[in-house]
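One structure is given below, encoded as structure tokens.
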Amino acid sequence: MAQLQWSENLVLGMPQVDQTHQEFVALLATVASAPEAQLRTLYLELLAHTKVHFGMEDQWMQATEFASFHCHSMQHTMVLDVMQQALDRYDEGDLEVLRIVAHELGLWF
């Protein structure tokens, strides 16, 4: 599966947001290529980063009265829910789901 790569096309021109997005893209790639023994740990890193990332964006959007705040914030909620469900499925024995979610998050992003 092709993985999302950071490029100038993803730059928003807001250094803090761009840095967080760049870290997110790097973590997606790390999860996608992780050895099985490290996959769950690296996915937990991605999940923790994503929670902070989305929280920061939600605060910024609310503070600046971003027009699409509610829609974008709802996407954040849904993505975090899917990420948690994937972890639950992995823990139940679905050993491919974390890599699949990392790939799909790249497409969504």
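Naming scheme: A, B, ... for chains in displayed order of the structure tokens; residues 1 onward per chain; ligands 1 onward as shown.
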
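Those residues that approach His103 (chain A) to within 12 Å, counting only C-alpha atoms, are A:Met1, A:Ala2, A:Gln3, A:Leu4, A:Gln5, A:Val25, A:Leu27, A:Leu28, A:Ala29, A:Thr30, A:Val31, A:Ala32, A:Ser33, A:Met83, A:Glu96, A:Val97, A:Phe109; same-chain residues fewer than 6 positions away are not listed.
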
Separation of CA of Glu57 (chain A) and CA of Thr41 (chain A), in Å?
->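 Calculated distance between CA of Glu57 (chain A) and CA of Thr41 (chain A) is 24.4 Å.
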
Just asking: which residues within chain A are alpha helix (DSSP H) according to DSSP, as a PyMOL selection string?
-> chain A and resi 15-32+36-63+69-91+97-108

Contacts of His53 (chain A) at 9 Å or less, counting only C-alpha atoms, minus same-chain residues fewer than 5 places along, as an NGL selection string?
-> :A and (17 or 20-21 or 24 or 48 or 58)

Could those selected residues go to a file with all heavy atoms, as a tab-separated table (two decimals), in the first residue's frame?
```tsv
chain	number	residue	atom	x	y	z
A	17	VAL	N	0.67	24.36	13.13
A	17	VAL	CA	-0.22	23.36	12.53
A	17	VAL	C	0.57	22.52	11.52
A	17	VAL	O	0.44	21.29	11.51
A	17	VAL	CB	-1.44	24.03	11.86
A	17	VAL	CG1	-2.28	23.00	11.11
A	17	VAL	CG2	-2.28	24.75	12.90
A	20	THR	N	2.70	19.99	13.36
A	20	THR	CA	1.87	18.91	13.90
A	20	THR	C	1.42	17.97	12.78
A	20	THR	O	1.45	16.75	12.93
A	20	THR	CB	0.65	19.48	14.65
A	20	THR	OG1	1.13	20.31	15.71
A	20	THR	CG2	-0.22	18.39	15.21
A	21	HIS	N	1.04	18.53	11.65
A	21	HIS	CA	0.63	17.71	10.51
A	21	HIS	C	1.81	16.88	9.99
A	21	HIS	O	1.63	15.71	9.62
A	21	HIS	CB	0.06	18.58	9.39
A	21	HIS	CG	-1.31	19.08	9.68
A	21	HIS	ND1	-1.94	20.00	8.87
A	21	HIS	CD2	-2.20	18.80	10.68
A	21	HIS	CE1	-3.15	20.26	9.36
A	21	HIS	NE2	-3.33	19.54	10.45
A	24	PHE	N	2.24	14.01	12.25
A	24	PHE	CA	1.17	13.05	12.02
A	24	PHE	C	1.48	12.17	10.82
A	24	PHE	O	1.36	10.93	10.90
A	24	PHE	CB	-0.15	13.82	11.83
A	24	PHE	CG	-1.35	12.97	11.53
A	24	PHE	CD1	-1.96	12.23	12.52
A	24	PHE	CD2	-1.90	12.95	10.25
A	24	PHE	CE1	-3.09	11.46	12.25
A	24	PHE	CE2	-3.03	12.20	9.97
A	24	PHE	CZ	-3.62	11.45	10.98
A	48	ALA	N	-2.15	8.87	20.60
A	48	ALA	CA	-1.93	9.95	21.56
A	48	ALA	C	-1.63	11.26	20.85
A	48	ALA	O	-2.16	12.33	21.21
A	48	ALA	CB	-0.79	9.58	22.51
A	58	ASP	N	-9.07	21.92	17.36
A	58	ASP	CA	-10.41	22.28	17.80
A	58	ASP	C	-10.40	23.58	18.60
A	58	ASP	O	-11.26	24.45	18.40
A	58	ASP	CB	-11.04	21.16	18.63
A	58	ASP	CG	-11.47	19.96	17.79
A	58	ASP	OD1	-11.49	20.07	16.54
A	58	ASP	OD2	-11.78	18.92	18.39
```

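You can rank A:Phe54, A:Gln38, A:Glu92, A:Asp18 by their closest distance to Leu80 (chain A) using only C-alpha atoms, and at the top of that list sits A:Phe54.
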
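What separates CA of Gln16 (chain A) from CA of Arg99 (chain A) is a distance of 26.9 Å.
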
Give the answer as one residue: which of A:Ser68, A:Tyr90, A:Ala37, A:Leu105 has the shortest atom-to-atom distance to Thr50 (chain A), using only C-alpha atoms?
-> A:Leu105

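Here the question is which of A:Gln22, A:Leu107, A:Leu95, A:Ala63 gets nearest to Pro35 (chain A) using only C-alpha atoms, and that residue is A:Leu95.
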
Using only C-alpha atoms, which of A:Gln62, A:Val82, A:His70, A:Glu45 sits nearest Glu23 (chain A)?
->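 The answer is A:Glu45, which sits nearest to Glu23 (chain A).
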
Which of these, A:Met56, A:Trp108, A:Ala102, A:Asn9, has the shortest distance to Leu42 (chain A) once you count only C-alpha atoms?
->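 Of A:Met56, A:Trp108, A:Ala102, A:Asn9, the one nearest Leu42 (chain A), counting only C-alpha atoms, is A:Ala102.
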